[in-house]
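Worksheet: one structure, shown below.
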Amino acid sequence: MSDSDLRWRYRDEAPRAPEGRFSLGELIEGSGPIELDIGFGRGLSLFERAAAAPESRIIGIEVKTKLAYKVNERLQKHDLRNVAILCGDAREILKRAEPAGSLQRVALHFPDPWWKKRHDKRRVIGEALLTELARLLKPGGELFIQTDVEHRAEQYVAQLQETAGFTLASDSGYVEVNPFDARSNREKRAIEDGLPVWRILATRD
Ligand SMILES: C[S@@+](CC[C@H](N)C(=O)[O-])C[C@H]1O[C@@H](n2cnc3c(N)ncnc32)[C@H](O)[C@@H]1O
């Protein structure tokens with residue numbers, strides 16, 4: 001298959017969210033807690049989280065069609081039925097997601113790899129996303145963000161302090177370990193390379 005055929009295949013066959021408003025709970029059978037992994041990249045965090053929390057229903061959102069397609073293909077090969085993939089911009093998808101107060105946990109592992117000011121609009125963590133997450137998380141629900149870029153971590157802490165409905169898990173905003181027991185590909189590499197990682201945990205009031 002040519003590169004261009006493959007690109008069409010990724011675009012056409014990557015799993016998408018239903019049209020219009022849709023229910024997060026109906027994406028995966030069962031009644032376990034619903035979790036989100038936004039921008040899962042090559043998907044290690046989905047597989048590790050599915051193993052660590054087999055009772056949870058895990059929804060991964062990824063904007064890149066090739067990654068969404070390939071990770072979905074691997075999930076099917078492993079017959080992992082408690083994980084569902086949605087391809088698209090998390091900020092757009094979550095605006096249409098229902099019901100409020102249905103999410104137990106949300107993870108963003110190493111988001112926003114863009115440095116330049118002109119790329120600010122591409123950053124996934126911002127007012128639009130945090131407002132939707134505050135709506136969708138249940139009281140006591142957890143939001144975990146980790147990054148290897150210190151000034152981004154500082155921005156995330158400041159943004160969470162300004163967003164109504166969230167309380168940081170510590171005075172500084174940071175926690176020592178990933179509380180979700182599931183490493184992402186970037187986290188695994190950072191640990192192997194001995195690089196610092198800033199980890200932020202907040203709970204929904
Ligand atoms: C630096 S990578 C990190 C990947 C993975 N979480 C990890 O830690 O290895 C950031 C990922 O977020 C995805 N992403 C960026 N903006 C997004 C958005 N608005 N909605 C969904 N995914 C997004 C990118 O395509 C990319 O796969």
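We label chains A, B, ... in the order they appear in the structure tokens, count residues from 1 in each chain, and number ligands from 1 in the order shown.
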Please identify every polymer residue within 6 Å of ligand 1, using only C-alpha atoms and all ligand atoms, and present the set as a ChimeraX atom specification.
/A:38-41,61-64,88-91,109-113,124,184-187
Take the residues that were just selected and, keeping N, CA, C and O atoms, output them as a CSV table (one decimal), in the first residue's frame.
```csv
chain,number,residue,atom,x,y,z
A,38,ILE,N,-5.7,11.6,27.6
A,38,ILE,CA,-5.7,12.6,26.4
A,38,ILE,C,-4.4,12.7,25.8
A,38,ILE,O,-3.4,13.1,26.5
A,39,GLY,N,-4.3,12.5,24.5
A,39,GLY,CA,-3.0,12.5,23.8
A,39,GLY,C,-2.1,11.4,24.1
A,39,GLY,O,-1.0,11.5,24.5
A,40,PHE,N,-2.6,10.1,24.0
A,40,PHE,CA,-1.9,8.9,24.4
A,40,PHE,C,-0.7,8.6,23.5
A,40,PHE,O,0.1,7.7,23.9
A,41,GLY,N,-0.5,9.2,22.4
A,41,GLY,CA,0.6,9.0,21.5
A,41,GLY,C,0.7,7.5,21.1
A,41,GLY,O,-0.2,7.0,20.5
A,61,ILE,N,-8.0,9.6,23.9
A,61,ILE,CA,-8.3,10.5,22.8
A,61,ILE,C,-6.9,11.0,22.2
A,61,ILE,O,-6.0,11.4,22.9
A,62,GLU,N,-6.8,10.9,20.9
A,62,GLU,CA,-5.5,11.2,20.2
A,62,GLU,C,-5.9,11.9,18.9
A,62,GLU,O,-6.7,11.4,18.1
A,63,VAL,N,-5.2,13.0,18.7
A,63,VAL,CA,-5.5,13.8,17.5
A,63,VAL,C,-4.9,13.2,16.2
A,63,VAL,O,-5.4,13.4,15.1
A,64,LYS,N,-3.8,12.5,16.4
A,64,LYS,CA,-3.1,12.0,15.1
A,64,LYS,C,-3.7,10.7,14.7
A,64,LYS,O,-3.8,9.7,15.4
A,88,GLY,N,-9.3,12.5,17.3
A,88,GLY,CA,-9.7,13.9,17.1
A,88,GLY,C,-9.1,14.8,18.2
A,88,GLY,O,-8.4,14.4,19.1
A,89,ASP,N,-9.5,16.1,18.1
A,89,ASP,CA,-9.0,17.1,19.0
A,89,ASP,C,-9.8,17.0,20.3
A,89,ASP,O,-11.0,17.2,20.3
A,90,ALA,N,-9.1,16.7,21.4
A,90,ALA,CA,-9.8,16.4,22.7
A,90,ALA,C,-10.7,17.6,23.1
A,90,ALA,O,-11.8,17.5,23.6
A,91,ARG,N,-10.3,18.8,22.7
A,91,ARG,CA,-11.0,20.0,23.1
A,91,ARG,C,-12.4,20.0,22.4
A,91,ARG,O,-13.4,20.5,23.0
A,109,HIS,N,-0.4,12.9,29.8
A,109,HIS,CA,1.1,12.6,30.0
A,109,HIS,C,1.9,13.3,28.9
A,109,HIS,O,1.7,13.2,27.7
A,110,PHE,N,2.7,14.2,29.3
A,110,PHE,CA,3.6,14.9,28.4
A,110,PHE,C,2.9,15.6,27.3
A,110,PHE,O,3.2,15.4,26.1
A,111,PRO,N,1.9,16.4,27.6
A,111,PRO,CA,1.2,17.1,26.5
A,111,PRO,C,2.0,18.3,26.0
A,111,PRO,O,3.1,18.6,26.5
A,112,ASP,N,1.6,18.9,24.9
A,112,ASP,CA,2.1,20.2,24.4
A,112,ASP,C,3.6,20.2,24.2
A,112,ASP,O,4.3,20.9,24.9
A,113,PRO,N,4.0,19.5,23.1
A,113,PRO,CA,5.5,19.5,22.8
A,113,PRO,C,5.9,20.8,22.0
A,113,PRO,O,7.1,20.8,21.6
A,124,VAL,N,-3.0,21.9,24.1
A,124,VAL,CA,-4.3,21.2,24.5
A,124,VAL,C,-4.8,21.7,25.9
A,124,VAL,O,-5.9,21.9,26.2
A,184,SER,N,3.6,6.4,30.6
A,184,SER,CA,3.4,6.6,29.1
A,184,SER,C,4.8,6.4,28.5
A,184,SER,O,5.8,6.2,29.2
A,185,ASN,N,4.8,6.4,27.1
A,185,ASN,CA,6.0,6.1,26.4
A,185,ASN,C,7.1,7.2,26.8
A,185,ASN,O,8.2,6.9,27.1
A,186,ARG,N,6.6,8.4,26.9
A,186,ARG,CA,7.6,9.5,27.2
A,186,ARG,C,8.1,9.4,28.6
A,186,ARG,O,9.3,9.7,28.9
A,187,GLU,N,7.2,9.0,29.5
A,187,GLU,CA,7.6,8.9,30.9
A,187,GLU,C,8.6,7.8,31.1
A,187,GLU,O,9.6,7.9,31.8
```
To test your reading of the structure, identify every residue in stretch 77-196 of chain A that backbone DSSP assigns to helix (DSSP H, G or I), and report it as a VMD selection string.
chain A and resid 77 90 to 95 117 to 122 127 to 136 150 to 162 185 to 192
Rounded to one decimal in Å, what is the spacing between atom CA of A:Ser31 and atom CA of A:Ala128?
28.1 Å
Mind listing the strand (DSSP E or B) residues of stretch 11-195 of chain A, per DSSP on the backbone, as a PyMOL selection string?
chain A and resi 22-23+34-38+57-62+83-87+97-98+103-109+137-147+166-168+174
For a quick check of understanding, using only C-alpha atoms, which of A:Val106, A:Ala17, A:Val197, A:Val177 has the smallest distance to A:Glu150?
A:Val197
Residue neighbourhood A:Ser45, 6 Å, only C-alpha atoms, exclusion window fewer than 3 positions, as a list in words
Glu48, Arg49, Ala182, Arg183 and Ser184 of chain A
Which neighbours of A:Gly140 fall inside 12 Å, counting only C-alpha atoms, when residues of the same chain fewer than 5 positions from it are skipped, and could you give them as a list of chain:residue names?
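Those residues are A:Gly101, A:Ser102, A:Leu103, A:Gln104, A:Arg105, A:Val106, A:Ala134, A:Gly165, A:Phe166, A:Thr167, A:Leu168, A:Ala169, A:Leu201, A:Ala202, A:Thr203, A:Arg204, A:Asp205.
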Tell me which protein, DNA and RNA residues are within 12 Å of A:Gly126, counting only C-alpha atoms, leaving out same-chain ones fewer than 5 positions away, and put them as a short mmCIF file (atom, residue, chain, number, x, y, z; two decimals) with N, CA, C and O atoms, in the first residue's frame.
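That gives us out.cif:
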```cif
data_model
loop_
_atom_site.label_atom_id
_atom_site.label_comp_id
_atom_site.auth_asym_id
_atom_site.auth_seq_id
_atom_site.Cartn_x
_atom_site.Cartn_y
_atom_site.Cartn_z
N ALA A 90 -9.14 16.65 21.43
CA ALA A 90 -9.85 16.43 22.71
C ALA A 90 -10.71 17.63 23.08
O ALA A 90 -11.79 17.47 23.65
N ARG A 91 -10.25 18.83 22.74
CA ARG A 91 -11.02 20.03 23.13
C ARG A 91 -12.38 20.05 22.44
O ARG A 91 -13.37 20.47 23.02
N PRO A 111 1.90 16.45 27.57
CA PRO A 111 1.20 17.14 26.48
C PRO A 111 2.03 18.32 25.96
O PRO A 111 3.07 18.64 26.53
N ASP A 112 1.59 18.90 24.91
CA ASP A 112 2.09 20.20 24.44
C ASP A 112 3.59 20.24 24.18
O ASP A 112 4.35 20.93 24.87
N ASP A 120 0.93 28.57 20.52
CA ASP A 120 0.13 28.54 21.75
C ASP A 120 -1.28 28.00 21.51
O ASP A 120 -1.85 27.33 22.35
N LYS A 121 -1.85 28.33 20.31
CA LYS A 121 -3.23 27.90 20.03
C LYS A 121 -3.35 26.37 19.97
O LYS A 121 -4.41 25.82 20.14
N THR A 131 -12.15 23.73 31.44
CA THR A 131 -13.58 23.96 31.72
C THR A 131 -14.37 22.68 31.48
O THR A 131 -15.24 22.30 32.27
N GLU A 132 -14.07 22.00 30.37
CA GLU A 132 -14.80 20.75 30.08
C GLU A 132 -14.44 19.67 31.10
O GLU A 132 -15.31 18.90 31.53
N LEU A 133 -13.19 19.62 31.50
CA LEU A 133 -12.80 18.59 32.48
C LEU A 133 -13.46 18.87 33.83
O LEU A 133 -13.88 17.93 34.52
N ARG A 152 6.42 24.65 31.53
CA ARG A 152 5.06 24.18 31.23
C ARG A 152 4.38 23.72 32.54
O ARG A 152 3.22 24.03 32.78
N GLN A 155 3.17 26.60 34.35
CA GLN A 155 1.95 27.14 33.72
C GLN A 155 0.73 26.30 34.10
O GLN A 155 -0.34 26.83 34.40
N TYR A 156 0.88 24.98 34.09
CA TYR A 156 -0.27 24.10 34.40
C TYR A 156 -0.73 24.31 35.84
O TYR A 156 -1.93 24.38 36.10
N VAL A 157 0.23 24.42 36.75
CA VAL A 157 -0.14 24.65 38.16
C VAL A 157 -0.92 25.98 38.26
O VAL A 157 -1.99 26.04 38.88
N ALA A 158 -0.41 27.01 37.60
CA ALA A 158 -1.07 28.33 37.67
C ALA A 158 -2.47 28.24 37.06
O ALA A 158 -3.43 28.80 37.61
N GLN A 159 -2.59 27.54 35.93
CA GLN A 159 -3.90 27.43 35.28
C GLN A 159 -4.90 26.70 36.17
O GLN A 159 -6.07 27.06 36.25
N LEU A 160 -4.42 25.65 36.85
CA LEU A 160 -5.33 24.90 37.73
C LEU A 160 -5.74 25.74 38.93
O LEU A 160 -6.89 25.67 39.39
N GLU A 162 -6.21 28.82 38.85
CA GLU A 162 -7.19 29.82 38.38
C GLU A 162 -8.52 29.20 37.96
O GLU A 162 -9.49 29.93 37.74
N THR A 163 -8.56 27.88 37.79
CA THR A 163 -9.79 27.25 37.27
C THR A 163 -10.69 26.85 38.43
O THR A 163 -10.27 26.09 39.31
#
```
Exercise: stretch 4-11 of chain A partners within 12 Å, only C-alpha atoms, chain neighbours under 6 positions left out, as a short mmCIF file (atom, residue, chain, number, x, y, z; two decimals) with C-alpha atoms, in the first residue's frame:
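Everything below was put into out_29.cif:
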```cif
data_model
loop_
_atom_site.label_atom_id
_atom_site.label_comp_id
_atom_site.auth_asym_id
_atom_site.auth_seq_id
_atom_site.Cartn_x
_atom_site.Cartn_y
_atom_site.Cartn_z
CA VAL A 63 -5.52 13.82 17.47
CA LYS A 64 -3.08 12.02 15.15
CA THR A 65 -4.94 9.59 12.91
CA LYS A 66 -2.00 7.20 12.43
CA LEU A 67 -1.45 6.82 16.18
CA ALA A 68 -5.18 6.41 16.90
CA TYR A 69 -5.50 3.78 14.14
CA LYS A 70 -2.39 1.82 15.14
CA VAL A 71 -3.06 1.79 18.87
CA ASN A 72 -6.67 0.74 18.21
CA GLU A 73 -5.39 -2.10 16.01
CA CYS A 87 -9.51 10.13 17.18
CA GLY A 88 -9.73 13.92 17.14
#
```
Excluding A:Arg81 and residues on its chain fewer than 3 positions from it, collect all residues at most 12 Å away from it, counting only C-alpha atoms, and give them as a PyMOL selection string.
chain A and resi 27-30+46-47+50-51+54-59+72+74-78+84-85
From the set A:Val149, A:Leu137, A:Ala107, A:Ala97, which residue has the shortest atom-to-atom contact distance to A:Arg21, counting only C-alpha atoms?
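Ranking A:Val149, A:Leu137, A:Ala107, A:Ala97 by distance to A:Arg21, first place goes to A:Ala97.
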Using only C-alpha atoms, which residue out of A:Ala52, A:Ala153, A:Leu143, A:Leu136 lies closest to A:Ala100?
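Closest to A:Ala100, using only C-alpha atoms: A:Leu136.
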Of the candidates A:Ile200, A:Gly194, A:Pro99, A:Gln161, which shows the shortest atom-to-atom distance to A:Glu176, using only C-alpha atoms?
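Comparing A:Ile200, A:Gly194, A:Pro99, A:Gln161 against A:Glu176, the winner is A:Ile200.
In this structure, atom CA of A:Arg123 sits 13.8 Å away from atom CA of A:His151.
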Go through A:Leu130, A:Ala53, A:Arg96, A:Lys188 one by one, measure the shortest atom-to-atom distance of each to A:Phe22 using only C-alpha atoms, and give the residue with the smallest value.
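The shortest atom-to-atom distance to A:Phe22 comes from A:Arg96.
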